[in-house]
file query04.pdb (PDB, C-alpha atoms and all ligand atoms)
ATOM      1  CA  MET A   1       0.000   0.000   0.000  1.00  0.00           C
ATOM      2  CA  LYS A   2       1.054   3.557  -0.652  1.00  0.00           C
ATOM      3  CA  PHE A   3      -0.267   6.414   1.516  1.00  0.00           C
ATOM      4  CA  LEU A   4       0.111  10.176   1.114  1.00  0.00           C
ATOM      5  CA  MET A   5      -0.526  12.613   3.985  1.00  0.00           C
ATOM      6  CA  VAL A   6      -1.626  16.091   2.879  1.00  0.00           C
ATOM      7  CA  CYS A   7      -2.034  19.438   4.690  1.00  0.00           C
ATOM      8  CA  LEU A   8      -1.649  23.076   3.638  1.00  0.00           C
ATOM      9  CA  GLY A   9       2.025  23.780   4.261  1.00  0.00           C
ATOM     10  CA  ASN A  10       3.519  20.278   4.686  1.00  0.00           C
ATOM     11  CA  ILE A  11       5.457  21.573   7.683  1.00  0.00           C
ATOM     12  CA  CYS A  12       3.148  21.033  10.707  1.00  0.00           C
ATOM     13  CA  ARG A  13       0.473  18.320  10.465  1.00  0.00           C
ATOM     14  CA  SER A  14       1.304  16.059   7.513  1.00  0.00           C
ATOM     15  CA  PRO A  15       4.997  15.634   8.479  1.00  0.00           C
ATOM     16  CA  LEU A  16       3.806  14.360  11.868  1.00  0.00           C
ATOM     17  CA  ALA A  17       1.293  12.053  10.159  1.00  0.00           C
ATOM     18  CA  GLU A  18       4.052  10.739   7.874  1.00  0.00           C
ATOM     19  CA  GLY A  19       6.441  10.162  10.786  1.00  0.00           C
ATOM     20  CA  ILE A  20       3.849   8.478  12.986  1.00  0.00           C
ATOM     21  CA  LEU A  21       2.534   6.138  10.280  1.00  0.00           C
ATOM     22  CA  LYS A  22       6.059   5.252   9.060  1.00  0.00           C
ATOM     23  CA  THR A  23       7.006   4.246  12.613  1.00  0.00           C
ATOM     24  CA  LYS A  24       3.903   2.088  13.028  1.00  0.00           C
ATOM     25  CA  VAL A  25       4.448   0.487   9.601  1.00  0.00           C
ATOM     26  CA  LYS A  26       7.999  -0.427  10.595  1.00  0.00           C
ATOM     27  CA  GLU A  27       6.891  -1.796  13.966  1.00  0.00           C
ATOM     28  CA  ALA A  28       4.233  -3.933  12.244  1.00  0.00           C
ATOM     29  CA  GLY A  29       6.796  -5.231   9.697  1.00  0.00           C
ATOM     30  CA  LEU A  30       4.705  -3.967   6.770  1.00  0.00           C
ATOM     31  CA  ASP A  31       6.035  -3.078   3.332  1.00  0.00           C
ATOM     32  CA  TRP A  32       4.098   0.176   2.873  1.00  0.00           C
ATOM     33  CA  GLU A  33       5.192   3.470   1.387  1.00  0.00           C
ATOM     34  CA  VAL A  34       4.304   6.682   3.261  1.00  0.00           C
ATOM     35  CA  ASP A  35       4.941  10.239   2.086  1.00  0.00           C
ATOM     36  CA  SER A  36       3.499  13.720   2.696  1.00  0.00           C
ATOM     37  CA  ALA A  37       2.867  16.906   0.719  1.00  0.00           C
ATOM     38  CA  GLY A  38       1.203  20.323   0.985  1.00  0.00           C
ATOM     39  CA  THR A  39      -1.541  21.822  -1.159  1.00  0.00           C
ATOM     40  CA  SER A  40       0.397  25.127  -1.120  1.00  0.00           C
ATOM     41  CA  SER A  41       3.915  25.956  -2.265  1.00  0.00           C
ATOM     42  CA  TYR A  42       4.523  28.279   0.731  1.00  0.00           C
ATOM     43  CA  HIS A  43       7.199  26.141   2.370  1.00  0.00           C
ATOM     44  CA  VAL A  44       8.619  23.976  -0.442  1.00  0.00           C
ATOM     45  CA  GLY A  45      12.072  22.690   0.538  1.00  0.00           C
ATOM     46  CA  ASP A  46      11.663  23.632   4.212  1.00  0.00           C
ATOM     47  CA  LEU A  47      12.213  21.418   7.236  1.00  0.00           C
ATOM     48  CA  PRO A  48       9.138  20.592   9.329  1.00  0.00           C
ATOM     49  CA  ASP A  49       8.118  23.388  11.732  1.00  0.00           C
ATOM     50  CA  ARG A  50      10.367  23.331  14.843  1.00  0.00           C
ATOM     51  CA  ARG A  51       7.279  22.766  17.019  1.00  0.00           C
ATOM     52  CA  SER A  52       6.375  19.623  15.040  1.00  0.00           C
ATOM     53  CA  ILE A  53       9.997  18.464  15.265  1.00  0.00           C
ATOM     54  CA  GLY A  54       9.805  19.056  19.039  1.00  0.00           C
ATOM     55  CA  VAL A  55       6.570  17.194  19.680  1.00  0.00           C
ATOM     56  CA  ALA A  56       7.793  14.304  17.491  1.00  0.00           C
ATOM     57  CA  GLN A  57      11.048  14.194  19.459  1.00  0.00           C
ATOM     58  CA  SER A  58       9.143  14.120  22.749  1.00  0.00           C
ATOM     59  CA  HIS A  59       7.476  10.930  21.465  1.00  0.00           C
ATOM     60  CA  GLY A  60      10.788   9.429  20.325  1.00  0.00           C
ATOM     61  CA  LEU A  61      10.324  10.231  16.626  1.00  0.00           C
ATOM     62  CA  ASP A  62      12.814  11.962  14.323  1.00  0.00           C
ATOM     63  CA  ILE A  63      11.161  13.824  11.441  1.00  0.00           C
ATOM     64  CA  THR A  64      14.119  16.089  10.570  1.00  0.00           C
ATOM     65  CA  TYR A  65      14.843  14.055   7.389  1.00  0.00           C
ATOM     66  CA  GLN A  66      11.648  15.480   5.845  1.00  0.00           C
ATOM     67  CA  ARG A  67      11.453  18.435   3.427  1.00  0.00           C
ATOM     68  CA  SER A  68       8.235  20.137   2.355  1.00  0.00           C
ATOM     69  CA  ARG A  69       6.997  19.481  -1.163  1.00  0.00           C
ATOM     70  CA  GLN A  70       3.850  20.512  -3.017  1.00  0.00           C
ATOM     71  CA  PHE A  71       1.101  18.025  -3.825  1.00  0.00           C
ATOM     72  CA  THR A  72       0.947  17.139  -7.553  1.00  0.00           C
ATOM     73  CA  LEU A  73      -1.668  15.627  -9.877  1.00  0.00           C
ATOM     74  CA  GLN A  74       0.564  12.554 -10.303  1.00  0.00           C
ATOM     75  CA  ASP A  75       0.181  11.828  -6.594  1.00  0.00           C
ATOM     76  CA  LEU A  76      -3.479  10.989  -7.246  1.00  0.00           C
ATOM     77  CA  ASP A  77      -2.460   8.110  -9.509  1.00  0.00           C
ATOM     78  CA  TYR A  78       0.630   6.935  -7.637  1.00  0.00           C
ATOM     79  CA  PHE A  79      -0.780   6.685  -4.113  1.00  0.00           C
ATOM     80  CA  ASP A  80      -3.572   4.306  -3.036  1.00  0.00           C
ATOM     81  CA  VAL A  81      -5.022   6.651  -0.410  1.00  0.00           C
ATOM     82  CA  VAL A  82      -4.575  10.407   0.032  1.00  0.00           C
ATOM     83  CA  TYR A  83      -5.269  11.357   3.671  1.00  0.00           C
ATOM     84  CA  VAL A  84      -6.100  15.033   4.133  1.00  0.00           C
ATOM     85  CA  MET A  85      -6.065  16.838   7.483  1.00  0.00           C
ATOM     86  CA  ASP A  86      -9.062  19.179   7.145  1.00  0.00           C
ATOM     87  CA  THR A  87     -12.062  20.000   4.981  1.00  0.00           C
ATOM     88  CA  GLN A  88     -10.193  22.773   3.142  1.00  0.00           C
ATOM     89  CA  ASN A  89      -7.464  20.294   2.152  1.00  0.00           C
ATOM     90  CA  TYR A  90     -10.236  17.913   1.083  1.00  0.00           C
ATOM     91  CA  GLU A  91     -11.794  20.539  -1.200  1.00  0.00           C
ATOM     92  CA  ASP A  92      -8.423  21.567  -2.641  1.00  0.00           C
ATOM     93  CA  VAL A  93      -7.438  17.988  -3.504  1.00  0.00           C
ATOM     94  CA  PHE A  94     -10.912  16.860  -4.608  1.00  0.00           C
ATOM     95  CA  ARG A  95     -11.217  19.847  -6.954  1.00  0.00           C
ATOM     96  CA  VAL A  96      -8.212  18.750  -9.056  1.00  0.00           C
ATOM     97  CA  CYS A  97      -9.273  15.086  -9.336  1.00  0.00           C
ATOM     98  CA  GLN A  98      -9.784  14.052 -12.948  1.00  0.00           C
ATOM     99  CA  ASN A  99     -11.839  10.888 -12.508  1.00  0.00           C
ATOM    100  CA  SER A 100     -13.826   8.932  -9.937  1.00  0.00           C
ATOM    101  CA  ASP A 101     -10.883   6.593  -9.182  1.00  0.00           C
ATOM    102  CA  GLN A 102      -8.879   9.583  -7.999  1.00  0.00           C
ATOM    103  CA  GLU A 103     -11.836  11.043  -6.094  1.00  0.00           C
ATOM    104  CA  ALA A 104     -12.304   7.755  -4.242  1.00  0.00           C
ATOM    105  CA  LYS A 105      -8.739   7.968  -2.898  1.00  0.00           C
ATOM    106  CA  VAL A 106      -9.276  11.214  -0.972  1.00  0.00           C
ATOM    107  CA  CYS A 107     -10.132  10.700   2.701  1.00  0.00           C
ATOM    108  CA  LEU A 108     -10.207  12.868   5.836  1.00  0.00           C
ATOM    109  CA  ILE A 109      -7.593  11.239   8.059  1.00  0.00           C
ATOM    110  CA  MET A 110      -9.733  11.465  11.210  1.00  0.00           C
ATOM    111  CA  ASP A 111     -12.331   9.211   9.547  1.00  0.00           C
ATOM    112  CA  MET A 112      -9.849   6.444  10.503  1.00  0.00           C
ATOM    113  CA  ALA A 113      -9.981   7.302  14.231  1.00  0.00           C
ATOM    114  CA  PRO A 114     -12.545   6.618  16.969  1.00  0.00           C
ATOM    115  CA  GLU A 115     -13.093  10.419  17.214  1.00  0.00           C
ATOM    116  CA  GLY A 116     -15.583   9.965  14.399  1.00  0.00           C
ATOM    117  CA  MET A 117     -16.327  11.084  10.888  1.00  0.00           C
ATOM    118  CA  ASN A 118     -15.889  14.581   9.460  1.00  0.00           C
ATOM    119  CA  VAL A 119     -13.457  15.743  12.142  1.00  0.00           C
ATOM    120  CA  SER A 120     -10.655  18.066  10.965  1.00  0.00           C
ATOM    121  CA  VAL A 121      -7.153  18.087  12.439  1.00  0.00           C
ATOM    122  CA  PRO A 122      -6.853  21.742  13.569  1.00  0.00           C
ATOM    123  CA  ASP A 123      -4.135  23.814  11.921  1.00  0.00           C
ATOM    124  CA  PRO A 124      -1.673  24.544  14.768  1.00  0.00           C
ATOM    125  CA  TYR A 125       0.543  26.923  12.760  1.00  0.00           C
ATOM    126  CA  TRP A 126      -0.753  30.214  14.171  1.00  0.00           C
ATOM    127  CA  GLY A 127      -1.122  29.085  17.780  1.00  0.00           C
ATOM    128  CA  ASN A 128       1.521  27.638  20.042  1.00  0.00           C
ATOM    129  CA  ASP A 129      -0.016  24.879  22.068  1.00  0.00           C
ATOM    130  CA  GLY A 130      -1.928  22.739  19.570  1.00  0.00           C
ATOM    131  CA  PHE A 131       0.907  20.430  18.594  1.00  0.00           C
ATOM    132  CA  GLU A 132       0.506  17.785  21.311  1.00  0.00           C
ATOM    133  CA  GLN A 133      -3.230  17.542  20.570  1.00  0.00           C
ATOM    134  CA  VAL A 134      -2.494  17.201  16.848  1.00  0.00           C
ATOM    135  CA  TYR A 135       0.024  14.462  17.608  1.00  0.00           C
ATOM    136  CA  LYS A 136      -2.496  12.486  19.673  1.00  0.00           C
ATOM    137  CA  MET A 137      -5.228  12.837  17.036  1.00  0.00           C
ATOM    138  CA  LEU A 138      -2.871  11.644  14.301  1.00  0.00           C
ATOM    139  CA  GLU A 139      -1.668   8.741  16.413  1.00  0.00           C
ATOM    140  CA  ASN A 140      -5.291   7.562  16.833  1.00  0.00           C
ATOM    141  CA  ALA A 141      -5.890   7.890  13.090  1.00  0.00           C
ATOM    142  CA  CYS A 142      -2.679   6.024  12.210  1.00  0.00           C
ATOM    143  CA  ASN A 143      -3.651   3.169  14.539  1.00  0.00           C
ATOM    144  CA  GLY A 144      -6.907   2.981  12.559  1.00  0.00           C
ATOM    145  CA  ILE A 145      -5.043   2.955   9.232  1.00  0.00           C
ATOM    146  CA  ILE A 146      -2.832   0.053  10.371  1.00  0.00           C
ATOM    147  CA  LYS A 147      -5.859  -1.867  11.622  1.00  0.00           C
ATOM    148  CA  LYS A 148      -7.798  -1.335   8.391  1.00  0.00           C
ATOM    149  CA  TYR A 149      -5.121  -2.245   5.844  1.00  0.00           C
ATOM    150  CA  LYS A 150      -2.685  -4.696   7.466  1.00  0.00           C
TER     151      LYS A 150
HETATM  152  P1  LIG B   1       0.319  22.754   8.011  1.00  0.00           P
HETATM  153  O1  LIG B   1       0.336  24.171   8.779  1.00  0.00           O
HETATM  154  O2  LIG B   1      -0.668  22.898   6.876  1.00  0.00           O
HETATM  155  O3  LIG B   1      -0.137  21.794   9.043  1.00  0.00           O
HETATM  156  O4  LIG B   1       1.742  22.501   7.529  1.00  0.00           O
HETATM  157  C1  LIG B   1       0.566  25.382   8.125  1.00  0.00           C
HETATM  158  C2  LIG B   1       1.838  25.750   7.771  1.00  0.00           C
HETATM  159  C3  LIG B   1       2.062  26.980   7.159  1.00  0.00           C
HETATM  160  C4  LIG B   1       1.007  27.828   6.914  1.00  0.00           C
HETATM  161  C5  LIG B   1      -0.280  27.454   7.265  1.00  0.00           C
HETATM  162  C6  LIG B   1      -0.496  26.231   7.869  1.00  0.00           C
HETATM  163  N1  LIG B   1       1.239  29.105   6.312  1.00  0.00           N
HETATM  164  O5  LIG B   1       0.270  29.859   6.102  1.00  0.00           O
HETATM  165  O6  LIG B   1       2.385  29.412   5.987  1.00  0.00           O
END

call {"tool": "encode", "arguments": {"input": "query04.pdb", "output": "structure tokens"}}
result
Amino acid sequence: MKFLMVCLGNICRSPLAEGILKTKVKEAGLDWEVDSAGTSSYHVGDLPDRRSIGVAQSHGLDITYQRSRQFTLQDLDYFDVVYVMDTQNYEDVFRVCQNSDQEAKVCLIMDMAPEGMNVSVPDPYWGNDGFEQVYKMLENACNGIIKKYK
């Protein structure tokens, strides 16, 4: 399986989602590919936000190998599932889909968690204290992804 995590900047939420799922995939001995991208080009080439790096580190995860890249149309063919963080990401990705196969790949990541359907992962960029909550939400979702596809 191949999974892509998508947010707006690819520096706060989706790098955490990538790091968390990659770790769980490794622990489960699965041969899955996991990547992340942003709908915007604001931070292309940048490291994850230092606050995401920090919260990852506090959970024993290194995400400093990651660099932000922009989501592309080709991603919709290459990946099996495109997990988006919020409803704006969903609209932005869904809008560029060219067929129903691509549309069917787009999923709100929290739909995989016990929190329930149609929940968005809040954008923590402008605040300062949302990163631990984002981490916990994404960990719940990634547990659901492993359970569903392994
Ligand atoms: P992310 O957070 O989408 O979780 O990476 C953001 C990062 C940067 C900006 C907005 C959200 N920005 O406007 O630069």

call {"tool": "axis_aligned_box", "arguments": {"input": "query04.pdb", "around": "segment 106-123 of chain A", "padding_each_side": "4 Å", "output": "AutoDock Vina command-line options"}}
result
--center_x -10.2 --center_y 15.1 --center_z 8.1 --size_x 20.2 --size_y 25.4 --size_z 26.2

call {"tool": "residues_near_ligand", "arguments": {"input": "query04.pdb", "ligand": "ligand LIG 1 (chain B)", "cutoff": "8 Å", "atoms": "all atoms listed in the file", "output": "list in words"}}
result
Val6, Cys7, Leu8, Gly9, Asn10, Ile11, Cys12, Arg13, Ser14, Pro15, Gly38, Tyr42, His43, Pro48, Asp49, Met85, Asp123, Pro124, Tyr125 and Trp126 of chain A

call {"tool": "resolve_selection", "arguments": {"input": "query04.pdb", "expression": "the PyMOL selection byres (((chain A and resi 138-144) around 8) and not hetatm)", "output": "compact mmCIF listing (two decimals) with C-alpha atoms, in the coordinates of the input"}}
result
# COMPACT_ATOMS: atom_id res chain seq x y z
CA LEU A 16 3.81 14.36 11.87
CA ALA A 17 1.29 12.05 10.16
CA ILE A 20 3.85 8.48 12.99
CA LEU A 21 2.53 6.14 10.28
CA LYS A 24 3.90 2.09 13.03
CA ILE A 109 -7.59 11.24 8.06
CA MET A 110 -9.73 11.46 11.21
CA ASP A 111 -12.33 9.21 9.55
CA MET A 112 -9.85 6.44 10.50
CA ALA A 113 -9.98 7.30 14.23
CA PRO A 114 -12.54 6.62 16.97
CA VAL A 121 -7.15 18.09 12.44
CA VAL A 134 -2.49 17.20 16.85
CA TYR A 135 0.02 14.46 17.61
CA LYS A 136 -2.50 12.49 19.67
CA MET A 137 -5.23 12.84 17.04
CA ILE A 145 -5.04 2.96 9.23
CA ILE A 146 -2.83 0.05 10.37
CA LYS A 147 -5.86 -1.87 11.62
CA LYS A 148 -7.80 -1.34 8.39

call {"tool": "atom_distance", "arguments": {"input": "query04.pdb", "atom1": "atom CA of Lys105 of chain A", "atom2": "atom CA of Val81 of chain A"}}
result
4.7 Å

call {"tool": "resolve_selection", "arguments": {"input": "query04.pdb", "expression": "the PyMOL selection byres (((chain A and resi 78) around 12) and not hetatm)", "output": "short mmCIF file (atom, residue, chain, number, x, y, z; two decimals) with C-alpha atoms, in the frame of the given file"}}
result
data_model
loop_
_atom_site.label_atom_id
_atom_site.label_comp_id
_atom_site.auth_asym_id
_atom_site.auth_seq_id
_atom_site.Cartn_x
_atom_site.Cartn_y
_atom_site.Cartn_z
CA MET A 1 0.00 0.00 0.00
CA LYS A 2 1.05 3.56 -0.65
CA PHE A 3 -0.27 6.41 1.52
CA LEU A 4 0.11 10.18 1.11
CA GLU A 33 5.19 3.47 1.39
CA VAL A 34 4.30 6.68 3.26
CA ASP A 35 4.94 10.24 2.09
CA PHE A 71 1.10 18.02 -3.82
CA THR A 72 0.95 17.14 -7.55
CA LEU A 73 -1.67 15.63 -9.88
CA GLN A 74 0.56 12.55 -10.30
CA ASP A 75 0.18 11.83 -6.59
CA LEU A 76 -3.48 10.99 -7.25
CA ASP A 77 -2.46 8.11 -9.51
CA PHE A 79 -0.78 6.68 -4.11
CA ASP A 80 -3.57 4.31 -3.04
CA VAL A 81 -5.02 6.65 -0.41
CA VAL A 82 -4.58 10.41 0.03
CA ASP A 101 -10.88 6.59 -9.18
CA GLN A 102 -8.88 9.58 -8.00
CA LYS A 105 -8.74 7.97 -2.90
#

call {"tool": "resolve_selection", "arguments": {"input": "query04.pdb", "expression": "the PyMOL selection byres (((chain A and resi 46) around 6) and not hetatm)", "output": "PyMOL selection string"}}
result
chain A and resi 43-45+47+67-68

call {"tool": "atom_distance", "arguments": {"input": "query04.pdb", "atom1": "atom CA of Ser36 of chain A", "atom2": "atom CA of Asn128 of chain A"}}
result
22.3 Å
